[in-house]
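Dropping entry_0.cif in here (mmCIF, C-alpha atoms and all ligand atoms):
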```
data_query
#
loop_
_atom_site.label_atom_id
_atom_site.label_comp_id
_atom_site.auth_asym_id
_atom_site.auth_seq_id
_atom_site.Cartn_x
_atom_site.Cartn_y
_atom_site.Cartn_z
CA MET A 1 13.21 -16.52 -7.66
CA PRO A 2 15.58 -17.01 -6.07
CA ARG A 3 13.80 -19.59 -4.01
CA VAL A 4 15.79 -21.88 -1.80
CA ILE A 5 15.42 -25.35 -3.21
CA GLU A 6 16.68 -28.81 -2.72
CA ALA A 7 17.75 -30.43 -5.98
CA ALA A 8 18.29 -34.16 -6.07
CA VAL A 9 19.74 -36.32 -8.83
CA PRO A 10 20.70 -39.98 -8.54
CA GLY A 11 23.55 -40.22 -6.07
CA PHE A 12 23.39 -36.84 -4.34
CA SER A 13 21.35 -33.76 -3.49
CA VAL A 14 22.21 -30.10 -2.96
CA GLN A 15 20.44 -27.14 -1.37
CA GLY A 16 20.71 -23.45 -2.13
CA CYS A 17 19.18 -20.42 -3.80
CA LEU A 18 18.00 -21.32 -7.25
CA SER A 19 19.44 -19.07 -9.97
CA LYS A 20 18.72 -18.89 -13.65
CA MET A 21 20.30 -21.87 -15.35
CA ALA A 22 23.78 -21.31 -16.71
CA ALA A 23 23.73 -21.81 -20.47
CA THR A 24 26.99 -21.80 -22.38
CA LEU A 25 27.96 -22.40 -25.96
CA PRO A 26 29.83 -25.59 -26.78
CA SER A 27 33.22 -25.34 -28.46
CA CYS A 28 31.70 -26.74 -31.66
CA GLN A 29 28.60 -25.05 -33.06
CA ASP A 30 27.04 -28.39 -34.03
CA GLN A 31 26.99 -29.50 -30.40
CA PRO A 32 24.08 -28.65 -28.08
CA VAL A 33 24.08 -25.75 -25.61
CA ILE A 34 25.53 -26.76 -22.22
CA TYR A 35 23.30 -26.34 -19.17
CA HIS A 36 24.08 -26.26 -15.48
CA LEU A 37 21.53 -26.02 -12.70
CA ARG A 38 22.68 -23.46 -10.13
CA ALA A 39 21.64 -23.78 -6.49
CA GLY A 40 23.69 -21.49 -4.25
CA GLU A 41 27.33 -22.36 -4.85
CA HIS A 42 26.42 -25.70 -6.40
CA ARG A 43 26.35 -26.41 -10.11
CA ILE A 44 24.86 -29.58 -11.52
CA ALA A 45 25.70 -30.48 -15.11
CA LEU A 46 22.40 -31.36 -16.74
CA ASN A 47 23.17 -32.38 -20.31
CA GLU A 48 24.64 -35.68 -19.25
CA ARG A 49 21.63 -36.34 -17.02
CA ILE A 50 18.90 -35.91 -19.56
CA GLY A 51 16.64 -38.91 -19.25
CA GLU A 52 17.49 -39.37 -15.57
CA PRO A 53 15.22 -38.33 -12.69
CA LEU A 54 15.69 -34.89 -11.16
CA SER A 55 13.61 -33.65 -8.27
CA LEU A 56 13.31 -30.04 -7.12
CA ARG A 57 11.79 -29.23 -3.76
CA TRP A 58 11.18 -25.67 -2.67
CA THR A 59 12.01 -25.33 1.01
CA GLY A 60 9.55 -22.45 1.37
CA ALA A 61 12.30 -19.83 1.83
CA ILE A 62 12.99 -16.93 -0.54
CA ALA A 63 16.22 -14.89 -0.34
CA CYS A 64 16.69 -11.49 -2.01
CA THR A 65 18.83 -11.84 -5.08
CA HIS A 66 20.68 -8.60 -4.24
CA CYS A 67 21.10 -8.38 -0.45
CA GLY A 68 20.38 -11.98 0.49
CA ARG A 69 17.87 -11.18 3.24
CA ALA A 70 14.89 -13.45 3.73
CA THR A 71 11.68 -12.17 2.18
CA LYS A 72 8.17 -13.58 2.12
CA LYS A 73 7.58 -12.31 -1.37
CA SER A 74 9.94 -11.49 -4.21
CA PHE A 75 9.69 -8.47 -6.48
CA ALA A 76 11.19 -7.78 -9.91
CA GLN A 77 12.61 -11.27 -10.38
CA GLY A 78 13.83 -12.01 -6.90
CA HIS A 79 14.33 -8.80 -4.89
CA CYS A 80 13.11 -7.95 -1.41
CA TYR A 81 10.82 -4.94 -1.24
CA PRO A 82 13.48 -2.42 0.00
CA CYS A 83 15.84 -3.41 -2.83
CA PHE A 84 12.97 -3.33 -5.30
CA LYS A 85 12.25 0.28 -4.36
CA ARG A 86 15.89 1.39 -4.11
CA LEU A 87 17.80 -0.21 -6.98
CA ALA A 88 18.02 1.25 -10.47
CA GLN A 89 18.00 -2.26 -11.90
CA CYS A 90 14.42 -2.63 -10.57
CA ASP A 91 13.19 0.61 -12.17
CA THR A 92 10.73 0.41 -15.06
CA CYS A 93 13.27 1.99 -17.44
CA ILE A 94 15.22 -1.26 -17.43
CA MET A 95 12.30 -2.99 -19.11
CA LYS A 96 11.53 0.09 -21.23
CA PRO A 97 14.95 1.57 -22.02
CA GLU A 98 13.46 4.35 -24.10
CA THR A 99 12.08 5.82 -20.86
CA CYS A 100 15.57 6.29 -19.33
CA HIS A 101 15.48 9.37 -17.09
CA TYR A 102 19.17 9.66 -16.24
CA PHE A 103 19.47 13.10 -17.84
CA GLN A 104 16.57 14.37 -15.75
CA GLY A 105 18.70 13.70 -12.69
CA THR A 106 16.29 11.10 -11.34
CA CYS A 107 18.25 7.88 -11.85
CA ARG A 108 18.03 5.93 -8.60
CA GLU A 109 21.73 4.99 -8.81
CA PRO A 110 23.52 7.23 -11.31
CA GLU A 111 26.87 5.45 -10.98
CA TRP A 112 25.25 2.06 -11.58
CA GLY A 113 23.36 3.57 -14.51
CA GLU A 114 26.59 4.88 -16.03
CA ARG A 115 28.17 1.43 -15.84
CA HIS A 116 25.13 -0.54 -16.93
CA CYS A 117 23.29 1.68 -19.41
CA PHE A 118 26.02 3.85 -20.93
CA GLN A 119 27.83 1.10 -22.74
CA PRO A 120 27.42 -0.47 -26.18
CA HIS A 121 24.12 -2.23 -26.75
CA ILE A 122 23.15 -4.49 -29.61
CA VAL A 123 19.89 -4.65 -31.51
CA TYR A 124 19.43 -8.17 -32.83
CA LEU A 125 17.07 -10.36 -34.76
CA ALA A 126 16.41 -13.82 -33.39
CA ASN A 127 14.32 -16.81 -34.28
CA SER A 128 12.85 -18.54 -31.26
CA SER A 129 9.28 -19.05 -32.45
CA GLY A 130 9.51 -16.88 -35.53
CA LEU A 131 11.23 -13.58 -36.18
CA LYS A 132 11.69 -11.27 -33.21
CA VAL A 133 13.71 -8.17 -32.42
CA GLY A 134 15.54 -7.64 -29.16
CA ILE A 135 18.23 -5.63 -27.45
CA THR A 136 21.01 -6.61 -25.12
CA ARG A 137 24.25 -5.32 -23.72
CA LYS A 138 27.07 -6.26 -26.04
CA THR A 139 28.62 -8.36 -23.28
CA GLN A 140 25.42 -10.41 -22.92
CA MET A 141 25.73 -12.09 -26.30
CA PRO A 142 25.11 -14.99 -26.71
CA THR A 143 23.65 -15.59 -23.23
CA ARG A 144 20.57 -13.54 -24.01
CA TRP A 145 19.78 -15.63 -27.07
CA LEU A 146 20.31 -18.93 -25.27
CA ASP A 147 18.02 -17.81 -22.44
CA GLN A 148 15.34 -17.13 -25.01
CA GLY A 149 15.77 -20.51 -26.69
CA ALA A 150 16.60 -18.92 -30.03
CA ILE A 151 17.71 -21.34 -32.72
CA GLN A 152 19.20 -18.45 -34.72
CA ALA A 153 20.36 -14.93 -33.90
CA LEU A 154 21.87 -12.06 -35.83
CA PRO A 155 23.22 -8.83 -34.33
CA ILE A 156 22.23 -6.06 -36.75
CA LEU A 157 22.92 -2.68 -35.11
CA GLU A 158 25.18 -1.34 -32.39
CA VAL A 159 24.41 1.79 -30.37
CA ASP A 160 26.16 3.61 -27.53
CA THR A 161 23.56 3.50 -24.79
CA ARG A 162 20.70 1.39 -23.51
CA GLN A 163 18.26 4.21 -24.13
CA GLN A 164 19.28 4.44 -27.79
CA SER A 165 18.74 0.70 -28.16
CA GLY A 166 15.26 1.24 -26.76
CA PHE A 167 14.48 3.88 -29.36
CA VAL A 168 15.68 1.58 -32.15
CA GLU A 169 13.73 -1.37 -30.78
CA MET A 170 10.57 0.74 -30.64
CA LEU A 171 11.08 1.50 -34.32
CA PHE A 172 11.56 -2.17 -35.22
CA LYS A 173 8.52 -3.21 -33.21
CA GLN A 174 6.43 -1.48 -35.84
CA GLN A 175 7.37 -4.38 -38.12
CA VAL A 176 8.53 -7.26 -35.92
CA ALA A 177 7.38 -8.93 -32.71
CA ASP A 178 9.53 -8.57 -29.61
CA ARG A 179 8.11 -11.57 -27.79
CA THR A 180 8.65 -15.29 -28.00
CA ASN A 181 5.63 -17.52 -28.36
CA TRP A 182 7.00 -20.11 -25.98
CA ARG A 183 4.17 -22.54 -26.61
CA ALA A 184 5.11 -22.66 -30.29
CA MET A 185 8.79 -22.90 -29.37
CA LEU A 186 8.23 -25.86 -27.06
CA LYS A 187 6.67 -27.85 -29.86
CA GLY A 188 10.08 -27.86 -31.51
CA ASP A 189 8.79 -27.10 -34.98
CA VAL A 190 10.43 -23.69 -35.41
CA VAL A 191 11.46 -23.24 -39.02
CA THR A 192 14.88 -21.76 -39.78
CA MET A 193 14.89 -18.37 -41.45
CA ASP A 194 17.21 -16.28 -43.57
CA LEU A 195 17.97 -13.67 -40.92
CA SER A 196 20.37 -11.75 -43.15
CA ALA A 197 17.61 -11.28 -45.73
CA GLU A 198 15.16 -10.26 -42.98
CA ARG A 199 17.72 -7.72 -41.74
CA ASP A 200 18.24 -6.23 -45.18
CA CYS A 201 14.50 -5.95 -45.69
CA LEU A 202 13.88 -4.30 -42.32
CA LEU A 203 16.78 -1.88 -42.63
CA ASN A 204 15.33 -0.83 -45.96
CA GLN A 205 11.79 -0.49 -44.61
CA LEU A 206 12.92 1.44 -41.54
CA ALA A 207 15.60 3.59 -43.17
CA ASP A 208 13.68 6.84 -42.65
CA GLY A 209 13.10 6.14 -38.97
CA LEU A 210 16.73 5.18 -38.42
CA ASN A 211 17.91 8.33 -40.15
CA GLN A 212 15.66 10.42 -37.91
CA LEU A 213 17.21 8.76 -34.85
CA ARG A 214 20.69 9.45 -36.23
CA GLU A 215 19.77 13.13 -36.70
CA THR A 216 18.73 13.28 -33.06
CA HIS A 217 21.54 11.26 -31.48
CA GLY A 218 24.44 11.74 -33.90
CA SER A 219 25.30 10.41 -37.34
CA ASP A 220 27.49 7.67 -35.86
CA SER A 221 25.12 6.77 -33.02
CA ILE A 222 23.53 3.78 -34.80
CA ARG A 223 26.00 1.54 -36.58
CA THR A 224 25.12 -1.30 -38.94
CA LEU A 225 26.81 -4.62 -38.18
CA GLU A 226 27.88 -7.20 -40.70
CA ALA A 227 28.09 -10.25 -38.46
CA PRO A 228 27.06 -13.67 -39.74
CA PRO A 229 23.97 -15.37 -38.23
CA GLN A 230 24.57 -17.76 -35.37
CA HIS A 231 22.83 -21.09 -34.94
CA PHE A 232 22.10 -22.88 -31.69
CA HIS A 233 21.18 -26.46 -30.92
CA TYR A 234 19.53 -27.53 -27.69
CA PRO A 235 19.86 -30.79 -25.81
CA VAL A 236 16.33 -32.02 -26.36
CA SER A 237 15.71 -35.76 -26.53
CA VAL A 238 11.94 -35.50 -27.05
CA PHE A 239 9.85 -32.38 -27.56
CA PRO A 240 6.88 -32.32 -25.18
CA LYS A 241 3.44 -32.88 -26.67
CA LYS A 242 1.74 -31.08 -23.81
CA TRP A 243 2.76 -29.23 -20.67
CA SER A 244 1.03 -28.11 -17.55
CA ARG A 245 3.38 -26.25 -15.24
CA ILE A 246 5.75 -23.33 -15.19
CA ILE A 247 8.28 -23.29 -12.41
CA LEU A 248 10.91 -21.07 -10.99
CA THR A 249 13.06 -19.57 -13.72
CA SER A 250 13.08 -17.41 -16.77
CA SER A 251 14.87 -19.81 -19.08
CA HIS A 252 12.40 -20.98 -21.66
CA TRP A 253 14.18 -24.27 -22.11
CA TRP A 254 14.25 -24.91 -18.44
CA LYS A 255 10.51 -24.39 -18.43
CA ALA A 256 10.34 -26.84 -21.28
CA CYS A 257 12.13 -29.52 -19.34
CA CYS A 258 10.01 -29.02 -16.25
CA LYS A 259 6.73 -28.82 -18.08
CA ALA A 260 7.47 -31.88 -20.12
CA SER A 261 7.70 -34.05 -17.09
CA LYS A 262 5.87 -32.15 -14.35
CA GLY A 263 8.97 -31.47 -12.34
CA SER A 264 11.36 -34.22 -13.21
CA ILE A 265 13.64 -34.84 -16.14
ZN ZN B 301 17.32 -7.06 -0.85
#
```

What does this structure look like when you write it as structure tokens?
Ligand SMILES: [Zn+2]
Amino acid sequence: MPRVIEAAVPGFSVQGCLSKMAATLPSCQDQPVIYHLRAGEHRIALNERIGEPLSLRWTGAIACTHCGRATKKSFAQGHCYPCFKRLAQCDTCIMKPETCHYFQGTCREPEWGERHCFQPHIVYLANSSGLKVGITRKTQMPTRWLDQGAIQALPILEVDTRQQSGFVEMLFKQQVADRTNWRAMLKGDVVTMDLSAERDCLLNQLADGLNQLRETHGSDSIRTLEAPPQHFHYPVSVFPKKWSRIILTSSHWWKACCKASKGSI
């Protein structure tokens, strides 16, 4: 990704670079998440087309998600090789925030790092195929949860930097998974959980570790949140019984749609 694709629905077709599907919350929490397919400048509303045919055809071209140049192969989710080597967003510390090396003076793009990594981050619990822990920039809620197909999410801690969120996540990973079992999720039999109770239990279990982090980074560096859990509903007409293909994007639910019907929904 982003591959240049041709997307066709009854009545018209569009062509452009395929981006991660846009997922937005409905105005009413009981309504399903709203999806749009994005191909270049085009956006196709998908909820209203569930049950209708949709064909995707890759033209064979790949364009760098950052600079737009043509590339035969994509790196780090859609970058050309020069961007992959040059950009801070392609560095391994983005996937492993606890390895941030900004203060060693080796950040590839210090100004980008200051904007992206030195801002409030949230540590959350989510239920996508069971309990998981995750981190995200504060501004990425709830997009991050929708991308993961979570049916519930609960922000539990706020920290000042991405690196601090990495340290906290490492601590929580001693007790909780940080991955989604997408096969289990696609079956649609995820059981709702009491995330507030899970939070209270984990904060109790990990109190010593959190206090050690506060001693290192400042007493106010890790702040407990009291937000209520959020619930999400997805526009699924039938959960797939089996699937055989993964195509093109990182959205679990988009994979679900494509796998369910081998490329057409
Ligand atoms: Zn590039």

Work out how far atom CA of A:Ile44 is from atom CA of A:Asn127, in Å to one decimal.
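Those two atoms sit 28.1 Å apart.
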
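Among the candidate residues A:Glu169, A:Asp220, A:Glu111, A:Glu198, the one lying nearest to A:Leu154 is A:Glu198, with distances computed using all atoms listed in the file.
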
Could you list, as a VMD selection string, all residues that come within 10 Å of ligand ZN 301 (chain B)? Count all atoms listed in the file.
chain A and resid 63 to 71 74 to 75 78 to 87

Could you take the residues named above and write them with C-alpha atoms, as a compact mmCIF listing (two decimals), keeping the file's coordinate frame?
```
# COMPACT_ATOMS: atom_id res chain seq x y z
CA ALA A 63 16.22 -14.89 -0.34
CA CYS A 64 16.69 -11.49 -2.01
CA THR A 65 18.83 -11.84 -5.08
CA HIS A 66 20.68 -8.60 -4.24
CA CYS A 67 21.10 -8.38 -0.45
CA GLY A 68 20.38 -11.98 0.49
CA ARG A 69 17.87 -11.18 3.24
CA ALA A 70 14.89 -13.45 3.73
CA THR A 71 11.68 -12.17 2.18
CA SER A 74 9.94 -11.49 -4.21
CA PHE A 75 9.69 -8.47 -6.48
CA GLY A 78 13.83 -12.01 -6.90
CA HIS A 79 14.33 -8.80 -4.89
CA CYS A 80 13.11 -7.95 -1.41
CA TYR A 81 10.82 -4.94 -1.24
CA PRO A 82 13.48 -2.42 0.00
CA CYS A 83 15.84 -3.41 -2.83
CA PHE A 84 12.97 -3.33 -5.30
CA LYS A 85 12.25 0.28 -4.36
CA ARG A 86 15.89 1.39 -4.11
CA LEU A 87 17.80 -0.21 -6.98
```

Which residue of A:Gln230, A:Gln163, A:Thr180, A:Asn211 approaches A:His101 most closely, using all atoms listed in the file
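Closest to A:His101, using all atoms listed in the file: A:Gln163.
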
Which is closest to A:Phe118 among A:Pro229, A:Pro155, A:Pro142, A:Pro97, if we use all atoms listed in the file?
A:Pro97

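With all atoms listed in the file as the atoms that count, the residue of A:Ala184, A:Arg115, A:Ser129, A:Ala207 with the shortest distance to A:Arg162 is A:Arg115.
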
Just the residues within 12 Å of A:Met95, please, counting all atoms listed in the file, with nothing from its chain fewer than 6 positions along; format it as a CSV table (one decimal) with C-alpha atoms, in the coordinates of the input.
```csv
chain,number,residue,atom,x,y,z
A,76,ALA,CA,11.2,-7.8,-9.9
A,88,ALA,CA,18.0,1.2,-10.5
A,89,GLN,CA,18.0,-2.3,-11.9
A,117,CYS,CA,23.3,1.7,-19.4
A,134,GLY,CA,15.5,-7.6,-29.2
A,135,ILE,CA,18.2,-5.6,-27.4
A,136,THR,CA,21.0,-6.6,-25.1
A,162,ARG,CA,20.7,1.4,-23.5
A,163,GLN,CA,18.3,4.2,-24.1
A,165,SER,CA,18.7,0.7,-28.2
A,166,GLY,CA,15.3,1.2,-26.8
A,169,GLU,CA,13.7,-1.4,-30.8
```

In Å, with one decimal, what is the gap from atom CA of A:Glu226 to atom CA of A:Trp182?
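Rounded to one decimal, the two atoms are 28.6 Å apart.
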
Starting from the incomplete input, reconstruct N, CA and C atoms of stretch 23-42 of chain A and report them as a PDB file, in the frame of the given file.
```pdb
ATOM      1  N   ALA A  23      23.732 -21.238 -19.113  1.00  0.00           N
ATOM      2  CA  ALA A  23      23.730 -21.810 -20.470  1.00  0.00           C
ATOM      3  C   ALA A  23      24.961 -21.299 -21.192  1.00  0.00           C
ATOM      4  N   THR A  24      25.762 -22.200 -21.691  1.00  0.00           N
ATOM      5  CA  THR A  24      26.990 -21.800 -22.380  1.00  0.00           C
ATOM      6  C   THR A  24      27.092 -22.505 -23.728  1.00  0.00           C
ATOM      7  N   LEU A  25      27.780 -21.823 -24.634  1.00  0.00           N
ATOM      8  CA  LEU A  25      27.960 -22.400 -25.960  1.00  0.00           C
ATOM      9  C   LEU A  25      29.011 -23.498 -25.914  1.00  0.00           C
ATOM     10  N   PRO A  26      28.801 -24.560 -26.668  1.00  0.00           N
ATOM     11  CA  PRO A  26      29.830 -25.590 -26.780  1.00  0.00           C
ATOM     12  C   PRO A  26      30.965 -25.083 -27.663  1.00  0.00           C
ATOM     13  N   SER A  27      32.081 -25.772 -27.642  1.00  0.00           N
ATOM     14  CA  SER A  27      33.220 -25.340 -28.460  1.00  0.00           C
ATOM     15  C   SER A  27      32.926 -25.531 -29.951  1.00  0.00           C
ATOM     16  N   CYS A  28      32.083 -26.501 -30.267  1.00  0.00           N
ATOM     17  CA  CYS A  28      31.700 -26.740 -31.660  1.00  0.00           C
ATOM     18  C   CYS A  28      30.241 -26.363 -31.847  1.00  0.00           C
ATOM     19  N   GLN A  29      29.944 -25.585 -32.892  1.00  0.00           N
ATOM     20  CA  GLN A  29      28.600 -25.050 -33.060  1.00  0.00           C
ATOM     21  C   GLN A  29      27.558 -26.143 -33.321  1.00  0.00           C
ATOM     22  N   ASP A  30      27.988 -27.318 -33.765  1.00  0.00           N
ATOM     23  CA  ASP A  30      27.040 -28.390 -34.030  1.00  0.00           C
ATOM     24  C   ASP A  30      26.598 -29.104 -32.755  1.00  0.00           C
ATOM     25  N   GLN A  31      27.321 -28.853 -31.665  1.00  0.00           N
ATOM     26  CA  GLN A  31      26.990 -29.500 -30.400  1.00  0.00           C
ATOM     27  C   GLN A  31      25.897 -28.715 -29.679  1.00  0.00           C
ATOM     28  N   PRO A  32      25.153 -29.366 -28.768  1.00  0.00           N
ATOM     29  CA  PRO A  32      24.080 -28.650 -28.080  1.00  0.00           C
ATOM     30  C   PRO A  32      24.605 -27.688 -27.002  1.00  0.00           C
ATOM     31  N   VAL A  33      23.796 -26.700 -26.691  1.00  0.00           N
ATOM     32  CA  VAL A  33      24.080 -25.750 -25.610  1.00  0.00           C
ATOM     33  C   VAL A  33      24.267 -26.533 -24.306  1.00  0.00           C
ATOM     34  N   ILE A  34      25.183 -26.059 -23.464  1.00  0.00           N
ATOM     35  CA  ILE A  34      25.530 -26.760 -22.220  1.00  0.00           C
ATOM     36  C   ILE A  34      24.814 -26.092 -21.048  1.00  0.00           C
ATOM     37  N   TYR A  35      24.075 -26.881 -20.295  1.00  0.00           N
ATOM     38  CA  TYR A  35      23.300 -26.340 -19.170  1.00  0.00           C
ATOM     39  C   TYR A  35      23.817 -26.827 -17.830  1.00  0.00           C
ATOM     40  N   HIS A  36      23.809 -25.907 -16.867  1.00  0.00           N
ATOM     41  CA  HIS A  36      24.080 -26.260 -15.480  1.00  0.00           C
ATOM     42  C   HIS A  36      22.986 -25.672 -14.603  1.00  0.00           C
ATOM     43  N   LEU A  37      22.451 -26.501 -13.716  1.00  0.00           N
ATOM     44  CA  LEU A  37      21.530 -26.020 -12.700  1.00  0.00           C
ATOM     45  C   LEU A  37      22.342 -25.353 -11.602  1.00  0.00           C
ATOM     46  N   ARG A  38      21.927 -24.173 -11.168  1.00  0.00           N
ATOM     47  CA  ARG A  38      22.680 -23.460 -10.130  1.00  0.00           C
ATOM     48  C   ARG A  38      21.811 -23.334  -8.876  1.00  0.00           C
ATOM     49  N   ALA A  39      22.315 -23.879  -7.795  1.00  0.00           N
ATOM     50  CA  ALA A  39      21.640 -23.780  -6.490  1.00  0.00           C
ATOM     51  C   ALA A  39      22.691 -23.326  -5.493  1.00  0.00           C
ATOM     52  N   GLY A  40      22.639 -22.040  -5.107  1.00  0.00           N
ATOM     53  CA  GLY A  40      23.690 -21.490  -4.250  1.00  0.00           C
ATOM     54  C   GLY A  40      25.028 -21.609  -4.957  1.00  0.00           C
ATOM     55  N   GLU A  41      25.998 -22.191  -4.272  1.00  0.00           N
ATOM     56  CA  GLU A  41      27.330 -22.360  -4.850  1.00  0.00           C
ATOM     57  C   GLU A  41      27.422 -23.626  -5.717  1.00  0.00           C
ATOM     58  N   HIS A  42      26.362 -24.408  -5.711  1.00  0.00           N
ATOM     59  CA  HIS A  42      26.420 -25.700  -6.400  1.00  0.00           C
ATOM     60  C   HIS A  42      26.042 -25.556  -7.878  1.00  0.00           C
TER      61      HIS A  42
END
```
